[in-house]
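Notes follow the structure.
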Amino acid sequence: RFWERTVPHADAQTQRRFIATFGDCVESAAQQAIDRNERRIRDIQSYINMRRDNSAIKPSLVLIEIGLDIPEEVLSHPAIEVIYTATSDMVWIDNDMTSFNIEQARGHDHNLVISVMHELDTDINGAMLWIADLHKETEMKFLEAMAALPTWGEPIDSQVRKYCDGLASWVRGNVEWSFESERFFGNKGAEVKRKRWNTLIPKDSLKGRVIGSVVD
């Protein structure tokens with residue numbers, strides 16, 4: 001039903017890009033299921049490569065293109081590709097940090113925090129600090145690429161600005177949703193956001209439990 005509602009509003013280019021990224025997401029999600037079944041903990045780079053696809057962020061970002069008319073050669077410009085990838089990375093990095101507590105309580109190992117702890121032989125705090133630095137580096141890539149955008153003339157330039165604004169809004173919106181939705185912090189989201197501190201749930205204590213709308 002989602003796709004049926006989308007098609008009338010998406011041109012052929014946007015539909016192709018959505019189908020391609022959604023296909024990558026499904027394949028990566030299947031591999032994630034295999035990893036989880038085998039209790040495999042990936043190294044950092046392997047995890048990042050996989051997470052970029054199975055996070056489902058990329059097909060979601062394609063929907064920003066609906067209503068715009070940006071040529072494929074513009075969307076494939078190196079600066080825009082950096083902005084697009086940095087957006088995706090910031091969203092799933094934020095998600096891994098905010099979801100880590102509840103995921104480790106469910107016994108899930110598919111999280112960047114786990115991969116960093118395992119590869120760098122550090123604790124949760126050390127992993128979080130390392131990931132925070134990675135996020136800052138990604139932010140800088142986004143901002144530098146924004147500053148390096150060329151001009152194509154109107155009406156393309158104004159549409160590119162609208163597209164990039166949409167990408168940036170996705171990053172901020174995801175952060176707000178993480179604390180407001182009660183999915184990760186229950187009714188303590190505002191408190192956790194303000195204090196930047198959360199109590200660790202005992203590992204594996206939520207296996208098989210219903211958490212919000214998600215059932216394991």
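A note on labels: chains of the structure tokens are A, B, ... as shown, every chain counts residues from 1, and ligands are counted from 1 in their shown order.
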Give me the residues of segment 33-97 of chain A that have any atom at most 9 Å from an atom of segment 174-190 of chain A; for each, the nearest atom pair and the distance in Å, rounded to one decimal. Use only C-alpha atoms, sort by chain and number, and format it as JSON lines.
{"residue": "A:Val91", "atom": "CA", "partner": "A:Asn174", "partner_atom": "CA", "distance": 6.6}
{"residue": "A:Asp94", "atom": "CA", "partner": "A:Val175", "partner_atom": "CA", "distance": 6.9}
{"residue": "A:Asn95", "atom": "CA", "partner": "A:Ser178", "partner_atom": "CA", "distance": 7.4}
Query - Selection: 12 Å around Phe22 of chain A, only C-alpha atoms, excl. self and same-chain fewer than 3 positions, as a list in words - result: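 Using only C-alpha atoms, the neighbours found are Trp3, Thr14, Gln15, Arg16, Arg17, Phe18, Ile19, Cys25, Val26, Glu27, Ser28, Ala29, Arg52, Asp53, Asn54, Ser55, Ala56, Ile57, Lys58, Pro59, Ser60, Leu61, Val62 and Leu63 of chain A.
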Query raised in the report: Out of A:Ala132, A:Val116, A:Ala148, A:Ala105, which residue has the shortest atom-to-atom distance to Lys203 of chain A when counting only C-alpha atoms?
Result: A:Ala105
Query raised in the report: Which is closest to Asp24 of chain A among A:Val82, A:Ile131, A:Met50, A:Leu149, if we use only C-alpha atoms?
Result: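 Using only C-alpha atoms, the shortest distance to Asp24 of chain A belongs to A:Met50.
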**Report entry** Gap from atom CA of Ile93 of chain A to atom CA of Ile64 of chain A - Å, one decimal
**Finding:** 20.3 Å
So which bits of segment 14-79 of chain A end up alpha helix (DSSP H) when you DSSP the backbone, as a short mmCIF file (atom, residue, chain, number, x, y, z; two decimals) with N, CA and C atoms, in the first residue's frame?
data_model
loop_
_atom_site.label_atom_id
_atom_site.label_comp_id
_atom_site.auth_asym_id
_atom_site.auth_seq_id
_atom_site.Cartn_x
_atom_site.Cartn_y
_atom_site.Cartn_z
N THR A 14 13.01 8.72 -9.69
CA THR A 14 12.87 8.51 -8.26
C THR A 14 12.45 7.08 -7.95
N GLN A 15 11.56 6.53 -8.76
CA GLN A 15 11.13 5.15 -8.56
C GLN A 15 12.30 4.19 -8.72
N ARG A 16 13.13 4.42 -9.73
CA ARG A 16 14.30 3.55 -9.93
C ARG A 16 15.24 3.63 -8.74
N ARG A 17 15.49 4.82 -8.26
CA ARG A 17 16.42 4.99 -7.14
C ARG A 17 15.86 4.36 -5.86
N PHE A 18 14.55 4.47 -5.66
CA PHE A 18 13.94 3.86 -4.49
C PHE A 18 14.03 2.34 -4.56
N ILE A 19 13.70 1.77 -5.71
CA ILE A 19 13.73 0.32 -5.86
C ILE A 19 15.13 -0.22 -5.65
N ALA A 20 16.14 0.48 -6.19
CA ALA A 20 17.54 0.03 -6.05
C ALA A 20 17.98 0.06 -4.59
N THR A 21 17.70 1.16 -3.89
CA THR A 21 18.14 1.26 -2.50
C THR A 21 17.33 0.34 -1.59
N PHE A 22 16.05 0.16 -1.89
CA PHE A 22 15.23 -0.75 -1.08
C PHE A 22 15.69 -2.19 -1.27
N GLY A 23 16.08 -2.53 -2.51
CA GLY A 23 16.62 -3.88 -2.76
C GLY A 23 17.88 -4.14 -1.97
N ASP A 24 18.78 -3.13 -1.94
CA ASP A 24 20.01 -3.26 -1.14
C ASP A 24 19.67 -3.44 0.34
N CYS A 25 18.64 -2.73 0.79
CA CYS A 25 18.24 -2.81 2.19
C CYS A 25 17.75 -4.22 2.54
N VAL A 26 16.92 -4.79 1.68
CA VAL A 26 16.38 -6.13 1.94
C VAL A 26 17.49 -7.18 1.98
N GLU A 27 18.42 -7.10 1.02
CA GLU A 27 19.52 -8.06 0.99
C GLU A 27 20.39 -7.93 2.24
N SER A 28 20.67 -6.70 2.65
CA SER A 28 21.50 -6.48 3.83
C SER A 28 20.78 -6.92 5.10
N ALA A 29 19.47 -6.71 5.16
CA ALA A 29 18.69 -7.15 6.32
C ALA A 29 18.71 -8.67 6.45
N ALA A 30 18.69 -9.35 5.31
CA ALA A 30 18.77 -10.82 5.34
C ALA A 30 20.11 -11.27 5.90
N GLN A 31 21.19 -10.58 5.48
CA GLN A 31 22.52 -10.91 6.01
C GLN A 31 22.60 -10.61 7.50
N GLN A 32 21.96 -9.53 7.93
CA GLN A 32 21.93 -9.20 9.35
C GLN A 32 21.26 -10.32 10.15
N ALA A 33 20.19 -10.88 9.60
CA ALA A 33 19.50 -11.97 10.28
C ALA A 33 20.41 -13.19 10.42
N ILE A 34 21.19 -13.44 9.37
CA ILE A 34 22.14 -14.56 9.42
C ILE A 34 23.20 -14.29 10.50
N ASP A 35 23.73 -13.08 10.51
CA ASP A 35 24.73 -12.70 11.52
C ASP A 35 24.17 -12.86 12.93
N ARG A 36 22.93 -12.41 13.11
CA ARG A 36 22.33 -12.50 14.45
C ARG A 36 22.15 -13.95 14.87
N ASN A 37 21.73 -14.79 13.94
CA ASN A 37 21.53 -16.20 14.24
C ASN A 37 22.83 -16.87 14.62
N GLU A 38 23.92 -16.42 13.98
CA GLU A 38 25.25 -17.01 14.24
C GLU A 38 25.99 -16.29 15.35
N ILE A 44 34.54 -3.12 12.70
CA ILE A 44 33.94 -1.80 12.54
C ILE A 44 33.61 -1.46 11.09
N GLN A 45 34.59 -1.59 10.18
CA GLN A 45 34.35 -1.19 8.80
C GLN A 45 33.32 -2.08 8.13
N SER A 46 33.38 -3.37 8.39
CA SER A 46 32.40 -4.29 7.82
C SER A 46 31.00 -3.96 8.32
N TYR A 47 30.91 -3.60 9.60
CA TYR A 47 29.62 -3.23 10.15
C TYR A 47 29.09 -1.96 9.50
N ILE A 48 29.95 -0.97 9.35
CA ILE A 48 29.53 0.30 8.73
C ILE A 48 29.03 0.06 7.32
N ASN A 49 29.77 -0.72 6.54
CA ASN A 49 29.37 -1.00 5.17
C ASN A 49 27.99 -1.65 5.12
N MET A 50 27.73 -2.56 6.04
CA MET A 50 26.47 -3.27 6.07
C MET A 50 25.34 -2.38 6.59
N ARG A 51 25.64 -1.59 7.62
CA ARG A 51 24.61 -0.76 8.26
C ARG A 51 24.11 0.32 7.31
N ARG A 52 24.95 0.78 6.42
CA ARG A 52 24.52 1.80 5.46
C ARG A 52 23.35 1.33 4.61
N ASP A 53 23.26 0.03 4.42
CA ASP A 53 22.16 -0.52 3.62
C ASP A 53 20.99 -0.98 4.49
N ASN A 54 21.26 -1.74 5.56
CA ASN A 54 20.13 -2.32 6.28
C ASN A 54 19.42 -1.35 7.23
N ILE A 57 17.66 3.77 5.72
CA ILE A 57 17.68 5.23 5.59
C ILE A 57 17.72 5.65 4.13
N LYS A 58 18.53 4.97 3.33
CA LYS A 58 18.70 5.41 1.94
C LYS A 58 17.40 5.43 1.14
N PRO A 59 16.59 4.36 1.18
CA PRO A 59 15.33 4.45 0.44
C PRO A 59 14.40 5.53 1.01
N SER A 60 14.50 5.77 2.31
CA SER A 60 13.68 6.82 2.91
C SER A 60 14.11 8.19 2.40
N LEU A 61 15.42 8.39 2.25
CA LEU A 61 15.92 9.68 1.78
C LEU A 61 15.54 9.94 0.32
N VAL A 62 15.40 8.87 -0.45
CA VAL A 62 15.01 9.04 -1.86
C VAL A 62 13.66 9.74 -1.96
N GLU A 72 19.63 13.33 -12.93
CA GLU A 72 20.46 12.27 -12.36
C GLU A 72 21.91 12.69 -12.27
N GLU A 73 22.40 13.42 -13.29
CA GLU A 73 23.81 13.81 -13.27
C GLU A 73 24.10 14.81 -12.15
N VAL A 74 23.09 15.54 -11.71
CA VAL A 74 23.28 16.44 -10.57
C VAL A 74 23.28 15.65 -9.27
N LEU A 75 22.34 14.72 -9.12
CA LEU A 75 22.29 13.90 -7.91
C LEU A 75 23.53 13.03 -7.74
N PRO A 78 29.76 14.42 -7.07
CA PRO A 78 30.50 13.96 -5.88
C PRO A 78 30.10 14.67 -4.59
N ALA A 79 29.88 15.98 -4.65
CA ALA A 79 29.52 16.72 -3.43
C ALA A 79 28.17 16.27 -2.90
#
Requested in this report: Name the residues of segment 19-215 of chain A that come out as strand (DSSP E) in a backbone DSSP run; write them as a list in words.
Outcome: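 Those residues are Val210, Ile211, Val214 and Val215 of chain A.
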Query - Computed interatomic separation between atom CA of Leu206 of chain A and atom CA of Ser88 of chain A (Å) - result: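 Those two atoms sit 28.6 Å apart.
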